[in-house]
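Notes follow the structure.
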Amino acid sequence: MGVVIGMDPHKRTVTIEVMDADEQILGHRQFTTDVDGFDQMLAYTQTWPERVWAVEGCAGIGRHVAERLVLRGERVVDVPAKLSARMRMFATGQGRKTDDTDAHSIALVGVRITGLHQVVSDEQLEVLRLLVDRRRRIGDEHVTKVCQLHRILLELIPGGAKKDLSAAQARRLLAGIRPRDVVGKTRKRVAMELVEDLERVYARKKAANKELISLIRETRTGLLDLHGIGPSGAAKLLVEVADITRFPDKGHFASWTGTAPVDVSSGDHPHHRLSRGGNREINRVLHMMAVVQLRNPTEGRAYYDRKKAEGKSPNEAMRALKRRLSDVIYRTMLNDYVAIHGAGSGGHRDAHTGSDAAGSQSHTSTSKKSLPEPADPDLTTPLPIAS
């Protein structure tokens with residue numbers, strides 16, 4: 001009932017289109033995102049008291065305006081960019097992009113698609129999002145400094161230094177180098193400056209991890225107890241997933257993480273291939289989790305060895321392990337949700353407690369099955385609004 005207001009957001013302007021349930025266009029305007037423009041947009045939409053805002057990219061470019069709408073008491077749903085792009089192709093027959101066609105396709109998604117994720121105001125998750133982004137930038141800076149240091153050390157030491165080089169080890173190496181020419185002395189001085197930069201980066205990284213761990217503990221999640229999940233990975237999962245109940249089962253969650261194989265069978269020849277879709281940030285978290293488990297005598301390592309003993313290649317065994325670790329994370333986050341909101345909150349087929357495949361049980365369902373169809377939005381349980 002009411003209308004859907006599709007919005008194509010940009011940094012300084014937004015284009016909106018008002019559409020009713022019969023897909024009739026009732027209004028179309030462009031506004032600026034400053035205070036005056038935002039107030040004018042809200043005044044314009046007061047004509048339709050029963051309204052839902054469908055905003056593209058609420059986790060990206062649309063976040064700034066979506067949050068302002070939520071704070072004003074408006075109901076906002078997130079429209080993934082890929083979904084609006086497909087709708088634009090189906091609606092127009094071509095992929096030409098303009099602000100007007102984007103707003104129209106976003107409004108169509110809001111009218112036709114049920115189960116879109118509702119944007120809520122959650123201060124705890126927003127703080128985590130900011131700190132995760134800060135921690136990522138510190139990590140990027142660390143990688144850059146290490147690469148620069150290795151390049152200079154290669155010019156100072158024949159063969160260079162070892163790959164896993166800490167700032168303290170680099171300082172000891174430089175202490176034993178005594179160049180006599182001007183170029184060598186300059187290289188040593190620049191290398192020492194990089195070592196000092198790395199020491200500061202290490203201190204910032206340590207402080208950022210400590211702050212993340214403290215905030216994650218406040219959420220009462222069990223993610224940090226999983227082998228291979230650090231503070232940054234746990235925070236990314238909490239921020240990106242937000243509401244675990246929007247995934248009806250672990251198969252749909254694996255499809256979202258990009259760990260569910262894609263069925264490309266033809267005729268009597270069943271075959272699956274690696275999924276290139278899904279959330280690549282979370283897929284990377286799962287990959288690092290798998291790598292850490294393989295380096296230690298864990299159940300994940302035992303599962304990987306069993307897959308190789310069955311004749312799978314190392315890459316195939318790794319993909320199977322990531323798929324199974326996706327199930328473990330799904331189970332952990334679902335248990336966290338049940339513990340906080342009560343056992344009757346989810347109603348999921350997989351909402352039982354206990355260890356999963358990368359745990360101690362070997363009789364769990366196969367990870368080779370691909371997702372047969374899109375998620376049924378009617379199975380989604382809305383997340384209570386947090387203020």
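Every chain in the structure tokens has a letter given in the order shown (A, B, ...), and although residue numbers restart at 1 in each chain, ligands are simply numbered from 1 in the order shown.
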Legend entry - All residues 12 Å or closer to Val65 in chain A, only C-alpha atoms, same chain fewer than 3 positions away omitted, as JSON, numbers by chain: {"A": [7, 8, 9, 10, 11, 12, 13, 14, 15, 31, 32, 33, 34, 35, 37, 38, 39, 41, 42, 53, 54, 55, 56, 57, 58, 59, 60, 61, 62, 68, 69, 70, 71, 72, 74, 76, 78, 119]}
Inset, instruction - Based on DSSP run over this structure's backbone, return all residues of range 35-123 of chain A in helix (DSSP H, G or I), as a PyMOL selection string. - result: chain A and resi 35-45+63-71+81-92+99-112+123
Output N, CA and C atoms for every residue in the selection just made, as a compact mmCIF listing (two decimals), in the first residue's frame.
```txt
# COMPACT_ATOMS: atom_id res chain seq x y z
N VAL A 35 21.36 20.94 3.25
CA VAL A 35 20.25 21.04 4.21
C VAL A 35 18.98 21.52 3.52
N ASP A 36 19.10 22.58 2.71
CA ASP A 36 17.91 23.14 2.05
C ASP A 36 17.31 22.14 1.07
N GLY A 37 18.16 21.49 0.26
CA GLY A 37 17.67 20.54 -0.72
C GLY A 37 17.01 19.33 -0.06
N PHE A 38 17.59 18.86 1.03
CA PHE A 38 17.02 17.71 1.74
C PHE A 38 15.65 18.06 2.32
N ASP A 39 15.53 19.25 2.91
CA ASP A 39 14.24 19.67 3.46
C ASP A 39 13.20 19.84 2.35
N GLN A 40 13.61 20.37 1.20
CA GLN A 40 12.68 20.51 0.08
C GLN A 40 12.19 19.15 -0.41
N MET A 41 13.09 18.15 -0.42
CA MET A 41 12.70 16.81 -0.85
C MET A 41 11.67 16.21 0.10
N LEU A 42 11.90 16.35 1.40
CA LEU A 42 10.94 15.83 2.36
C LEU A 42 9.60 16.55 2.26
N ALA A 43 9.64 17.86 2.05
CA ALA A 43 8.39 18.61 1.90
C ALA A 43 7.63 18.16 0.65
N TYR A 44 8.35 17.87 -0.43
CA TYR A 44 7.72 17.42 -1.67
C TYR A 44 7.04 16.07 -1.49
N THR A 45 7.63 15.17 -0.71
CA THR A 45 7.08 13.83 -0.55
C THR A 45 5.99 13.75 0.51
N ARG A 63 24.62 5.75 1.50
CA ARG A 63 24.55 5.66 2.96
C ARG A 63 24.25 7.01 3.60
N HIS A 64 24.90 8.07 3.09
CA HIS A 64 24.76 9.37 3.76
C HIS A 64 23.32 9.87 3.74
N VAL A 65 22.62 9.65 2.63
CA VAL A 65 21.25 10.15 2.56
C VAL A 65 20.28 9.16 3.21
N ALA A 66 20.57 7.86 3.15
CA ALA A 66 19.69 6.87 3.79
C ALA A 66 19.67 7.07 5.30
N GLU A 67 20.82 7.33 5.88
CA GLU A 67 20.88 7.53 7.34
C GLU A 67 20.12 8.78 7.74
N ARG A 68 20.21 9.83 6.94
CA ARG A 68 19.47 11.05 7.26
C ARG A 68 17.96 10.81 7.19
N LEU A 69 17.51 10.00 6.23
CA LEU A 69 16.09 9.68 6.13
C LEU A 69 15.62 8.87 7.33
N VAL A 70 16.42 7.89 7.74
CA VAL A 70 16.05 7.06 8.89
C VAL A 70 15.95 7.91 10.15
N LEU A 71 16.88 8.84 10.32
CA LEU A 71 16.85 9.71 11.49
C LEU A 71 15.62 10.63 11.50
N ALA A 81 22.89 -2.51 -6.17
CA ALA A 81 23.15 -1.93 -7.49
C ALA A 81 22.97 -2.96 -8.60
N LYS A 82 23.37 -4.20 -8.35
CA LYS A 82 23.21 -5.24 -9.39
C LYS A 82 21.74 -5.48 -9.70
N LEU A 83 20.91 -5.44 -8.67
CA LEU A 83 19.48 -5.68 -8.88
C LEU A 83 18.85 -4.56 -9.68
N SER A 84 19.21 -3.33 -9.38
CA SER A 84 18.64 -2.21 -10.14
C SER A 84 19.17 -2.20 -11.58
N ALA A 85 20.43 -2.65 -11.78
CA ALA A 85 20.97 -2.73 -13.14
C ALA A 85 20.22 -3.75 -13.98
N ARG A 86 19.90 -4.90 -13.37
CA ARG A 86 19.12 -5.91 -14.10
C ARG A 86 17.72 -5.40 -14.40
N MET A 87 17.11 -4.72 -13.44
CA MET A 87 15.78 -4.18 -13.67
C MET A 87 15.80 -3.12 -14.76
N ARG A 88 16.87 -2.32 -14.82
CA ARG A 88 16.98 -1.32 -15.88
C ARG A 88 17.08 -1.98 -17.25
N MET A 89 17.81 -3.08 -17.33
CA MET A 89 17.94 -3.80 -18.59
C MET A 89 16.60 -4.39 -19.02
N PHE A 90 15.87 -4.98 -18.06
CA PHE A 90 14.58 -5.59 -18.40
C PHE A 90 13.55 -4.53 -18.77
N ALA A 91 13.60 -3.38 -18.09
CA ALA A 91 12.58 -2.35 -18.29
C ALA A 91 12.79 -1.55 -19.57
N THR A 92 14.04 -1.31 -19.94
CA THR A 92 14.34 -0.45 -21.09
C THR A 92 14.85 -1.23 -22.30
N ASP A 99 20.45 9.46 -14.72
CA ASP A 99 19.85 9.59 -13.40
C ASP A 99 18.37 9.25 -13.42
N ASP A 100 17.69 9.63 -14.50
CA ASP A 100 16.25 9.37 -14.61
C ASP A 100 15.97 7.87 -14.73
N THR A 101 16.69 7.18 -15.63
CA THR A 101 16.46 5.75 -15.79
C THR A 101 16.87 4.98 -14.55
N ASP A 102 17.91 5.44 -13.86
CA ASP A 102 18.32 4.77 -12.63
C ASP A 102 17.24 4.90 -11.56
N ALA A 103 16.70 6.10 -11.38
CA ALA A 103 15.65 6.29 -10.38
C ALA A 103 14.42 5.45 -10.72
N HIS A 104 14.11 5.35 -12.02
CA HIS A 104 12.96 4.55 -12.45
C HIS A 104 13.17 3.06 -12.14
N SER A 105 14.35 2.54 -12.46
CA SER A 105 14.62 1.12 -12.22
C SER A 105 14.65 0.82 -10.72
N ILE A 106 15.18 1.75 -9.92
CA ILE A 106 15.21 1.56 -8.47
C ILE A 106 13.79 1.54 -7.90
N ALA A 107 12.94 2.42 -8.41
CA ALA A 107 11.54 2.42 -7.96
C ALA A 107 10.84 1.12 -8.35
N LEU A 108 11.14 0.60 -9.54
CA LEU A 108 10.55 -0.67 -9.97
C LEU A 108 10.97 -1.81 -9.05
N VAL A 109 12.24 -1.80 -8.65
CA VAL A 109 12.70 -2.83 -7.71
C VAL A 109 11.93 -2.73 -6.40
N GLY A 110 11.75 -1.51 -5.91
CA GLY A 110 11.03 -1.33 -4.65
C GLY A 110 9.59 -1.79 -4.73
N VAL A 111 8.96 -1.66 -5.90
CA VAL A 111 7.57 -2.07 -6.07
C VAL A 111 7.45 -3.58 -6.26
N ARG A 112 8.33 -4.14 -7.08
CA ARG A 112 8.18 -5.54 -7.49
C ARG A 112 8.82 -6.54 -6.53
N GLU A 123 23.65 2.40 16.19
CA GLU A 123 24.88 3.14 16.49
C GLU A 123 26.06 2.20 16.68
```
Legend entry - Spatial neighbours of His28 in chain A, max dist 8 Å, only C-alpha atoms, sep filter under 6 positions, as a list in words: Thr15, Ile16, Glu17 and Val18 of chain A
Selected residues, N, CA and C atoms, written as a PDB file, in the first residue's frame, please.
```pdb
ATOM      1  N   THR A  15      18.223  11.937  -7.361  1.00  0.00           N
ATOM      2  CA  THR A  15      17.078  11.948  -8.264  1.00  0.00           C
ATOM      3  C   THR A  15      16.067  10.942  -7.749  1.00  0.00           C
ATOM      4  N   ILE A  16      14.826  11.364  -7.579  1.00  0.00           N
ATOM      5  CA  ILE A  16      13.803  10.470  -7.032  1.00  0.00           C
ATOM      6  C   ILE A  16      12.663  10.319  -8.032  1.00  0.00           C
ATOM      7  N   GLU A  17      11.994   9.180  -7.947  1.00  0.00           N
ATOM      8  CA  GLU A  17      10.786   8.924  -8.727  1.00  0.00           C
ATOM      9  C   GLU A  17       9.764   8.263  -7.809  1.00  0.00           C
ATOM     10  N   VAL A  18       8.560   8.800  -7.790  1.00  0.00           N
ATOM     11  CA  VAL A  18       7.485   8.290  -6.938  1.00  0.00           C
ATOM     12  C   VAL A  18       6.608   7.378  -7.788  1.00  0.00           C
TER      13      VAL A  18
END
```
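Relative to CA of Ala320 in chain A, CA of Arg273 in chain A is found at 11.8 Å.
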Inset, instruction - Tell me which protein, DNA and RNA residues are within 8 Å of range 165-173 of chain A, counting only C-alpha atoms, leaving out same-chain ones fewer than 2 positions away, and put them as a list in words. - result: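 Once the nearby chain positions are removed, what remains is Ala161, Lys162, Lys163, Ala175, Gly176, Ile177, Met192, Val195, Glu196, Leu198 and Glu199 of chain A.
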Inset, instruction - List every residue of range 12-227 of chain A that DSSP, applied to the backbone, labels as strand (DSSP E), and write the result as a PyMOL selection string. - result: chain A and resi 13-20+25-32+51-56+76-79
Legend entry - d(CA of Thr332 in chain A, CA of Glu281 in chain A) in Å: 18.6 Å
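CA of Arg284 in chain A sits 21.2 Å away from CA of Arg246 in chain A.
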Inset, instruction - Can you work out which one of A:Arg217, A:Arg324, A:Arg180, A:His272 has the shortest atom-to-atom distance to Thr259 in chain A, counting only C-alpha atoms? - result: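 Checking each candidate against Thr259 in chain A, we get A:Arg324 as the closest.
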Inset, instruction - Please identify all polymer residues within 8 Å of Val3 in chain A, counting only C-alpha atoms, omitting same-chain residues fewer than 5 positions from it, and present them as a PyMOL selection string. - result: chain A and resi 18-21+48+50-52
Could the residues in this selection be written to a file with N, CA and C atoms, as a short mmCIF file (atom, residue, chain, number, x, y, z; two decimals), in the first residue's frame?
```cif
data_model
loop_
_atom_site.label_atom_id
_atom_site.label_comp_id
_atom_site.auth_asym_id
_atom_site.auth_seq_id
_atom_site.Cartn_x
_atom_site.Cartn_y
_atom_site.Cartn_z
N VAL A 18 8.56 8.80 -7.79
CA VAL A 18 7.49 8.29 -6.94
C VAL A 18 6.61 7.38 -7.79
N MET A 19 6.39 6.15 -7.31
CA MET A 19 5.65 5.14 -8.06
C MET A 19 4.66 4.44 -7.13
N ASP A 20 3.43 4.22 -7.63
CA ASP A 20 2.45 3.51 -6.83
C ASP A 20 2.53 2.01 -7.08
N ALA A 21 1.64 1.25 -6.44
CA ALA A 21 1.68 -0.20 -6.53
C ALA A 21 1.37 -0.70 -7.93
N TRP A 48 2.46 12.14 -0.11
CA TRP A 48 2.17 10.70 -0.01
C TRP A 48 2.54 10.24 1.40
N GLU A 50 1.84 7.55 3.09
CA GLU A 50 2.25 6.15 3.16
C GLU A 50 3.33 5.92 2.10
N ARG A 51 4.59 5.98 2.53
CA ARG A 51 5.68 5.91 1.56
C ARG A 51 6.84 5.08 2.10
N VAL A 52 7.53 4.47 1.17
CA VAL A 52 8.74 3.72 1.47
C VAL A 52 9.82 4.21 0.51
#
```
Inset, instruction - Pick out the residues sitting within 10 Å of Asn209 in chain A, and hand them over as a ChimeraX atom specification; count only C-alpha atoms, and ignore anything fewer than 2 positions along from it in its own chain. - result: /A:131-132,135,203-207,211-215,230-232
Prev. selection, N, CA and C atoms, output as a short mmCIF file (atom, residue, chain, number, x, y, z; two decimals), in the first residue's frame:
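Written file, selection_38.cif:
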```cif
data_model
loop_
_atom_site.label_atom_id
_atom_site.label_comp_id
_atom_site.auth_asym_id
_atom_site.auth_seq_id
_atom_site.Cartn_x
_atom_site.Cartn_y
_atom_site.Cartn_z
N LEU A 131 35.35 1.93 12.48
CA LEU A 131 36.61 1.39 12.98
C LEU A 131 37.17 0.32 12.05
N VAL A 132 36.29 -0.46 11.41
CA VAL A 132 36.77 -1.45 10.44
C VAL A 132 37.44 -0.76 9.26
N ARG A 135 40.77 0.46 10.40
CA ARG A 135 41.71 -0.66 10.52
C ARG A 135 42.19 -1.13 9.15
N ALA A 203 52.01 0.20 16.24
CA ALA A 203 51.35 0.71 17.45
C ALA A 203 49.90 1.08 17.16
N ARG A 204 49.66 1.73 16.02
CA ARG A 204 48.29 2.09 15.65
C ARG A 204 47.44 0.85 15.40
N LYS A 205 48.03 -0.15 14.74
CA LYS A 205 47.30 -1.39 14.47
C LYS A 205 46.93 -2.10 15.77
N LYS A 206 47.86 -2.13 16.71
CA LYS A 206 47.60 -2.78 18.00
C LYS A 206 46.47 -2.07 18.74
N ALA A 207 46.51 -0.73 18.73
CA ALA A 207 45.46 0.03 19.40
C ALA A 207 44.11 -0.16 18.72
N GLU A 211 40.69 -1.82 20.39
CA GLU A 211 39.40 -1.13 20.42
C GLU A 211 38.32 -1.97 19.74
N LEU A 212 38.67 -2.62 18.62
CA LEU A 212 37.70 -3.47 17.93
C LEU A 212 37.27 -4.64 18.82
N ILE A 213 38.23 -5.28 19.46
CA ILE A 213 37.91 -6.42 20.32
C ILE A 213 36.96 -6.00 21.45
N SER A 214 37.21 -4.84 22.03
CA SER A 214 36.36 -4.36 23.12
C SER A 214 34.92 -4.15 22.64
N LEU A 215 34.76 -3.55 21.45
CA LEU A 215 33.42 -3.30 20.93
C LEU A 215 32.73 -4.60 20.50
N GLY A 230 39.85 -13.03 13.37
CA GLY A 230 40.42 -12.00 14.22
C GLY A 230 39.44 -10.86 14.42
N PRO A 231 39.85 -9.81 15.11
CA PRO A 231 38.94 -8.69 15.38
C PRO A 231 38.45 -8.00 14.12
N SER A 232 39.34 -7.84 13.12
CA SER A 232 38.93 -7.17 11.90
C SER A 232 37.92 -8.02 11.13
#
```
Inset, instruction - Pick out the residues sitting within 10 Å of Leu238 in chain A, and hand them over as a PyMOL selection string; count only C-alpha atoms, and ignore anything fewer than 6 positions along from it in its own chain. - result: chain A and resi 125+128-129+216+219+221+223+244+333
